[in-house]
>>> print(open('upload-v1.cif').read())   # mmCIF, C-alpha atoms
data_structure
loop_
_atom_site.label_atom_id
_atom_site.label_comp_id
_atom_site.auth_asym_id
_atom_site.auth_seq_id
_atom_site.Cartn_x
_atom_site.Cartn_y
_atom_site.Cartn_z
CA ARG U 1 47.29 44.74 22.63
CA ARG U 2 47.87 44.40 26.36
CA LEU U 3 44.58 46.08 27.19
CA ARG U 4 42.72 43.89 24.71
CA GLN U 5 44.14 40.70 26.23
CA GLU U 6 43.42 42.02 29.72
CA ARG U 7 39.85 42.69 28.65
CA ASN U 8 39.48 39.09 27.49
CA VAL U 9 40.27 37.87 31.00
CA VAL U 10 37.71 40.28 32.47
CA TYR U 11 35.18 39.02 29.92
CA TYR U 12 35.40 35.52 31.39
CA ILE U 13 34.99 36.96 34.88
CA VAL U 14 31.85 38.86 33.90
CA LYS U 15 30.32 36.01 31.91
CA PHE U 16 31.37 33.00 33.97
CA GLY U 17 32.88 34.34 37.19
CA MET U 18 31.00 32.03 39.55
CA CYS U 19 31.16 28.92 37.36
CA TYR U 20 33.01 25.93 38.77
CA LEU U 21 36.34 25.49 37.02
CA CYS U 22 38.45 23.01 38.95
CA GLU U 23 39.59 21.83 42.35
CA THR U 24 42.53 23.61 43.94
CA GLU U 25 44.72 22.36 46.76
CA TYR U 26 45.32 25.26 49.12
CA ASP U 27 48.02 25.87 51.73
CA ASP U 28 46.16 23.82 54.35
CA GLY U 29 46.37 20.77 52.07
CA VAL U 30 42.62 20.65 51.46
CA LYS U 31 41.24 20.57 47.93
CA ARG U 32 38.33 22.92 47.36
CA PRO U 33 36.08 23.73 44.39
CA THR U 34 37.39 26.79 42.58
CA THR U 35 35.32 29.22 40.54
CA VAL U 36 36.57 31.17 37.54
CA VAL U 37 37.09 34.35 39.56
CA GLU U 38 38.95 32.44 42.29
CA PHE U 39 41.18 30.82 39.67
CA VAL U 40 41.97 34.21 38.15
CA TYR U 41 42.74 35.58 41.61
CA ASN U 42 45.12 32.69 42.35
CA GLU U 43 46.85 33.09 38.99
CA MET U 44 47.25 36.83 39.43
CA GLU U 45 48.64 36.41 42.92
CA GLY U 46 51.06 33.74 41.76
CA ARG U 47 52.27 35.70 38.74
CA GLY U 48 52.22 39.15 40.30
CA LEU U 49 49.63 40.44 37.84
CA ALA U 50 47.35 43.45 38.19
CA PHE U 51 44.71 44.97 35.95
CA SER U 52 45.87 48.21 34.37
CA ALA U 53 42.42 49.56 33.49
CA PRO U 54 40.60 51.00 36.55
CA THR U 55 37.24 49.62 35.41
CA HIS U 56 38.68 46.14 35.01
CA GLU U 57 40.11 46.33 38.52
CA LYS U 58 36.76 47.48 39.92
CA ILE U 59 34.94 44.61 38.21
CA PHE U 60 37.46 42.13 39.57
CA ARG U 61 37.19 43.45 43.13
CA LYS U 62 33.39 43.42 43.00
CA ALA U 63 33.53 39.82 41.78
CA ILE U 64 35.80 38.82 44.66
CA ASP U 65 33.58 40.64 47.16
CA ALA U 66 30.51 38.80 45.81
CA LEU U 67 31.91 35.32 46.53
CA ALA U 68 30.56 35.02 50.08
CA ALA U 69 27.04 36.00 48.99
CA TYR U 70 27.26 33.67 46.01
CA TYR U 71 28.15 30.61 48.07
CA ALA U 72 25.34 31.35 50.53
CA ASP U 73 22.81 31.89 47.74
CA LEU U 74 24.06 28.78 45.95
CA GLU U 75 23.28 26.54 48.93
CA THR U 76 19.77 27.97 49.15
CA PHE U 77 19.23 27.53 45.42
CA LYS U 78 20.51 23.94 45.52
CA ALA U 79 18.11 23.05 48.34
CA ASP U 80 15.14 24.62 46.54
CA ALA U 81 16.02 22.97 43.22
CA GLN U 82 16.38 19.57 44.85
CA ALA U 83 13.11 19.97 46.73
CA GLN U 84 11.31 20.81 43.49
CA ALA U 85 12.92 17.83 41.76
CA ASP U 86 11.92 15.48 44.59
CA LYS U 87 8.33 16.71 44.38
CA GLN U 88 8.27 16.28 40.61
CA CYS U 89 9.83 12.84 40.90
CA GLU U 90 7.17 11.73 43.36
CA ALA U 91 4.43 12.99 41.05
CA GLU U 92 5.89 11.23 38.01
CA LEU U 93 6.41 7.96 39.85
CA GLU U 94 2.77 7.96 40.89
CA LYS U 95 1.78 8.12 37.22
CA ILE U 96 3.76 5.02 36.25
CA ASP U 97 1.40 2.19 35.39
CA THR U 98 2.48 -0.75 37.53
CA LEU U 99 0.15 -3.23 35.84
CA GLY U 100 1.80 -5.60 33.43
CA HIS U 101 5.33 -4.56 34.39
CA SER U 102 7.94 -6.67 36.09
CA PRO U 103 9.73 -5.42 39.21
CA ASP U 104 12.88 -4.94 37.12
CA SER U 105 11.12 -2.81 34.51
CA LEU U 106 9.49 -0.71 37.22
CA GLN U 107 12.84 -0.23 38.91
CA LYS U 108 14.38 0.86 35.61
CA ALA U 109 11.53 3.29 34.95
CA GLU U 110 12.01 4.83 38.39
CA ALA U 111 15.78 5.07 37.87
CA ASP U 112 15.24 6.78 34.50
CA VAL U 113 12.97 9.38 36.08
CA ARG U 114 15.44 10.11 38.88
CA ALA U 115 18.40 10.30 36.48
CA ARG U 116 16.57 12.72 34.19
CA LEU U 117 15.60 14.97 37.09
CA ASP U 118 19.13 14.85 38.52
CA VAL U 119 20.47 16.12 35.20
CA ALA U 120 17.85 18.87 35.20
CA VAL U 121 18.91 19.94 38.71
CA MET U 122 22.57 20.03 37.70
CA LYS U 123 21.72 22.20 34.70
CA LYS U 124 19.71 24.60 36.86
CA ILE U 125 22.63 24.93 39.27
CA ALA U 126 25.08 25.50 36.41
CA ASP U 127 22.81 28.16 34.90
CA PHE U 128 22.42 29.81 38.31
CA SER U 129 26.20 30.04 38.69
CA THR U 130 26.66 31.28 35.13
CA ASN U 131 24.15 34.09 35.49
CA TYR U 132 24.89 35.08 39.09
CA LEU U 133 27.76 37.53 38.65
CA GLU U 134 26.58 38.73 35.27
CA LYS U 135 23.28 39.90 36.78
CA ARG U 136 25.01 41.66 39.67
CA LEU U 137 27.51 43.50 37.49
CA CYS U 138 24.97 44.47 34.84
CA SER U 139 22.88 46.20 37.51
CA ASP U 140 25.79 47.64 39.50
CA PRO U 141 25.35 51.28 40.60
CA ASP U 142 28.82 52.14 39.26
CA ASP U 143 28.29 53.46 35.72
CA ASP U 144 31.66 52.23 34.43
CA VAL U 145 31.20 48.74 35.84
CA ARG U 146 27.62 48.43 34.63
CA THR U 147 28.35 49.75 31.12
CA THR U 148 31.39 47.53 30.62
CA ALA U 149 29.57 44.46 31.93
CA LEU U 150 26.61 45.08 29.64
CA GLU U 151 28.95 45.46 26.66
CA MET U 152 30.71 42.19 27.46
CA VAL U 153 27.49 40.27 28.01
CA GLY U 154 26.21 41.48 24.66
CA GLU U 155 29.31 40.44 22.76
CA ARG U 156 29.18 37.46 20.43
CA TYR U 157 32.49 35.79 19.69
CA GLN U 158 32.87 33.41 16.78
CA LEU U 159 34.43 30.93 19.18
CA SER U 160 31.55 31.09 21.63
CA LYS U 161 30.22 27.87 20.14
CA ILE U 162 32.02 25.12 18.27
CA HIS U 163 30.89 21.81 16.95
CA SER U 164 32.56 18.83 18.54
CA GLN U 165 33.55 15.76 16.58
CA TYR U 166 30.22 14.23 17.59
CA GLY U 167 28.25 17.09 16.09
CA SER U 168 26.99 18.52 19.39
CA VAL U 169 27.35 22.19 20.20
CA VAL U 170 29.89 23.01 22.89
CA GLY U 171 29.62 26.44 24.47
CA GLU U 172 32.25 28.63 26.09
CA ARG U 173 31.18 27.50 29.55
CA ASP U 174 32.08 23.92 28.67
CA ARG U 175 35.51 24.98 27.38
CA LEU U 176 36.57 27.23 30.25
CA THR U 177 39.32 24.85 31.36
CA THR U 178 41.04 25.63 28.05
CA LEU U 179 39.83 29.14 27.23
CA LEU U 180 40.60 30.79 30.57
CA PRO U 181 44.23 29.61 30.93
CA GLU U 182 44.79 30.62 27.30
CA ALA U 183 43.37 34.09 27.95
CA LEU U 184 45.62 34.51 30.98
CA ASP U 185 48.69 33.35 29.06
CA ASN U 186 47.89 35.71 26.18
CA TRP U 187 47.59 38.57 28.67
CA VAL U 188 50.97 37.76 30.23
CA ASN U 189 52.52 37.47 26.76
CA ALA U 190 51.17 40.90 25.83
CA ILE U 191 52.65 42.35 29.04
CA TYR U 192 56.06 40.94 28.15
CA GLU U 193 55.80 42.38 24.63
CA GLU U 194 55.02 45.81 26.05
CA GLN U 195 57.91 45.61 28.51
CA ILE U 196 60.29 44.54 25.74
CA LYS U 197 59.33 47.57 23.65
CA GLN U 198 59.86 49.86 26.64
CA VAL U 199 63.34 48.47 27.33
CA GLN U 200 64.26 48.67 23.65
CA LYS U 201 63.20 52.31 23.64
CA GLN U 202 65.32 52.99 26.74
CA LEU U 203 68.33 51.35 25.08
CA LYS U 204 68.20 53.86 22.25
CA GLN U 205 68.26 56.74 24.72
CA VAL U 206 71.06 55.51 27.00
CA ALA U 207 74.74 56.21 26.36
CA ASP U 208 76.26 54.88 29.58
CA PRO U 209 77.82 51.41 28.99
CA ASP U 210 76.81 50.09 32.42
CA GLN U 211 73.21 51.12 31.92
CA GLN U 212 73.26 49.62 28.45
CA GLN U 213 74.54 46.33 29.84
CA ARG U 214 71.86 46.31 32.51
CA LEU U 215 69.13 46.97 29.96
CA LEU U 216 70.50 44.31 27.61
CA GLN U 217 70.37 41.76 30.41
CA GLU U 218 66.84 42.83 31.27
CA LEU U 219 65.88 42.50 27.62
CA GLN U 220 67.39 39.04 27.42
CA ASP U 221 65.43 37.94 30.50
CA LEU U 222 62.20 39.31 29.05
CA PHE U 223 62.73 37.49 25.75
CA ALA U 224 63.33 34.25 27.66
CA GLN U 225 60.18 34.72 29.74
CA ARG U 226 58.11 35.56 26.69
CA SER U 227 59.44 32.49 24.92
CA GLN U 228 58.34 30.29 27.82
CA ILE U 229 54.84 31.74 27.98
CA ALA U 230 54.48 31.51 24.18
CA LYS U 231 55.02 27.76 24.43
CA LEU U 232 52.16 27.49 26.93
CA ILE U 233 49.59 29.37 24.86
CA GLY U 234 46.99 26.96 23.57
CA GLU U 235 48.52 24.00 25.42
CA ARG U 236 47.68 24.61 29.08
CA VAL U 237 44.45 22.94 30.18
CA VAL U 238 43.07 22.99 33.72
CA ASN U 239 42.02 19.61 35.09
CA PRO U 240 38.46 20.11 36.42
CA ASN U 241 38.73 17.13 38.79
#
>>> encode(input="upload-v1.cif", output="structure tokens")
Amino acid sequence: RRLRQERNVVYYIVKFGMCYLCETEYDDGVKRPTTVVEFVYNEMEGRGLAFSAPTHEKIFRKAIDALAAYYADLETFKADAQAQADKQCEAELEKIDTLGHSPDSLQKAEADVRARLDVAVMKKIADFSTNYLEKRLCSDPDDDVRTTALEMVGERYQLSKIHSQYGSVVGERDRLTTLLPEALDNWVNAIYEEQIKQVQKQLKQVADPDQQQRLLQELQDLFAQRSQIAKLIGERVVNPN
């Protein structure tokens, strides 16, 4: 169970590692945009977590190492996408028939064109970020990393798409502020469950009263910690702003 929950966290790294998740205030007091992989890193550092599967750890480290290149490539992509949008906007504005239109209607038509192209640019940037790490990992020279990444990319979860109350389709990328914290909490919960079983097993093998008391206290602490994390599962949502 622990490995399965751990794998779910790695899945979000592979699929959405460079996607914007939220803003984080760091030690210097400055708020900065935080990607999925950066959020996972911060959570793991804060909770003292580590991946138990070597391949998961390798994927995570490669994702962290790719951040500098991603941010540099992102700026280049943004500039190119905006330049293309500006060129397209200019071409579309030239085609607008000015005859018989009031200044207000022309202004609205121009605003509509710019708004539509701005949305298109934002979508291109979001798609670039979504695909960035996935492409790198799926072509990685490490066989274990590449094979695992390809398996994860090919997976289709039932919850990958849900219908909102308005009838539109909402994908996993749009629900990361809920799905990722939940995956992390489920992973931590599975770790506690495993530790509880280990302590319970030790209790059966120990005859010394002092050791028994120590293990009982440890078991009590683990139950309390698991109870706290169980309350968070499904309730913790990251504020993207």
>>> atom_distance(input="upload-v1.cif", atom1="atom CA of Phe16 of chain U", atom2="atom CA of Glu172 of chain U")
9.1 Å
>>> residues_around(input="upload-v1.cif", residues="segment 67-70 of chain U", least_positions_apart="4", cutoff="12 Å", atoms="all atoms listed in the file", output="list of chain:residue names")
U:Gly17, U:Met18, U:Cys19, U:Thr34, U:Thr35, U:Val36, U:Val37, U:Glu38, U:Tyr41, U:Phe60, U:Arg61, U:Lys62, U:Ala63, U:Leu74, U:Glu75, U:Thr76, U:Phe77, U:Lys78, U:Ile125, U:Phe128, U:Ser129, U:Thr130, U:Asn131, U:Tyr132, U:Leu133, U:Glu134, U:Lys135, U:Arg136
>>> resolve_selection(input="upload-v1.cif", expression="the PyMOL selection byres ((chain U and resi 148) around 12)", output="ChimeraX atom specification")
/U:7,10-11,13-15,53-59,134,137-140,142-147,149-155
>>> resolve_selection(input="upload-v1.cif", expression="the PyMOL selection byres ((chain U and resi 196) around 12)", output="number ranges by chain")
U: 189-195, 197-203, 215-226
>>> write_last_selection(input="upload-v1.cif", atoms="C-alpha atoms", output="PDB file, keeping the file's coordinate frame")
ATOM      1  CA  ASN U 189      52.520  37.470  26.760  1.00  0.00           C
ATOM      2  CA  ALA U 190      51.170  40.900  25.830  1.00  0.00           C
ATOM      3  CA  ILE U 191      52.650  42.350  29.040  1.00  0.00           C
ATOM      4  CA  TYR U 192      56.060  40.940  28.150  1.00  0.00           C
ATOM      5  CA  GLU U 193      55.800  42.380  24.630  1.00  0.00           C
ATOM      6  CA  GLU U 194      55.020  45.810  26.050  1.00  0.00           C
ATOM      7  CA  GLN U 195      57.910  45.610  28.510  1.00  0.00           C
ATOM      8  CA  LYS U 197      59.330  47.570  23.650  1.00  0.00           C
ATOM      9  CA  GLN U 198      59.860  49.860  26.640  1.00  0.00           C
ATOM     10  CA  VAL U 199      63.340  48.470  27.330  1.00  0.00           C
ATOM     11  CA  GLN U 200      64.260  48.670  23.650  1.00  0.00           C
ATOM     12  CA  LYS U 201      63.200  52.310  23.640  1.00  0.00           C
ATOM     13  CA  GLN U 202      65.320  52.990  26.740  1.00  0.00           C
ATOM     14  CA  LEU U 203      68.330  51.350  25.080  1.00  0.00           C
ATOM     15  CA  LEU U 215      69.130  46.970  29.960  1.00  0.00           C
ATOM     16  CA  LEU U 216      70.500  44.310  27.610  1.00  0.00           C
ATOM     17  CA  GLN U 217      70.370  41.760  30.410  1.00  0.00           C
ATOM     18  CA  GLU U 218      66.840  42.830  31.270  1.00  0.00           C
ATOM     19  CA  LEU U 219      65.880  42.500  27.620  1.00  0.00           C
ATOM     20  CA  GLN U 220      67.390  39.040  27.420  1.00  0.00           C
ATOM     21  CA  ASP U 221      65.430  37.940  30.500  1.00  0.00           C
ATOM     22  CA  LEU U 222      62.200  39.310  29.050  1.00  0.00           C
ATOM     23  CA  PHE U 223      62.730  37.490  25.750  1.00  0.00           C
ATOM     24  CA  ALA U 224      63.330  34.250  27.660  1.00  0.00           C
ATOM     25  CA  GLN U 225      60.180  34.720  29.740  1.00  0.00           C
ATOM     26  CA  ARG U 226      58.110  35.560  26.690  1.00  0.00           C
TER      27      ARG U 226
END
>>> atom_distance(input="upload-v1.cif", atom1="atom CA of Glu110 of chain U", atom2="atom CA of Lys95 of chain U")
10.8 Å
>>> closest_residue(input="upload-v1.cif", among="U:Ser52, U:Asn42, U:Gln84, U:Thr178", to="Lys124 of chain U", atoms="all atoms listed in the file")
U:Gln84
>>> atom_distance(input="upload-v1.cif", atom1="atom CA of Val40 of chain U", atom2="atom CA of Ser227 of chain U")
22.0 Å
>>> axis_aligned_box(input="upload-v1.cif", around="segment 176-194 of chain U", padding_each_side="4 Å", output="AutoDock Vina command-line options")
--center_x 46.3 --center_y 35.3 --center_z 28.0 --size_x 27.5 --size_y 29.0 --size_z 14.7
>>> closest_residue(input="upload-v1.cif", among="U:Ala230, U:Leu3, U:Leu106, U:Leu21", to="Thr177 of chain U", atoms="only C-alpha atoms")
U:Leu21
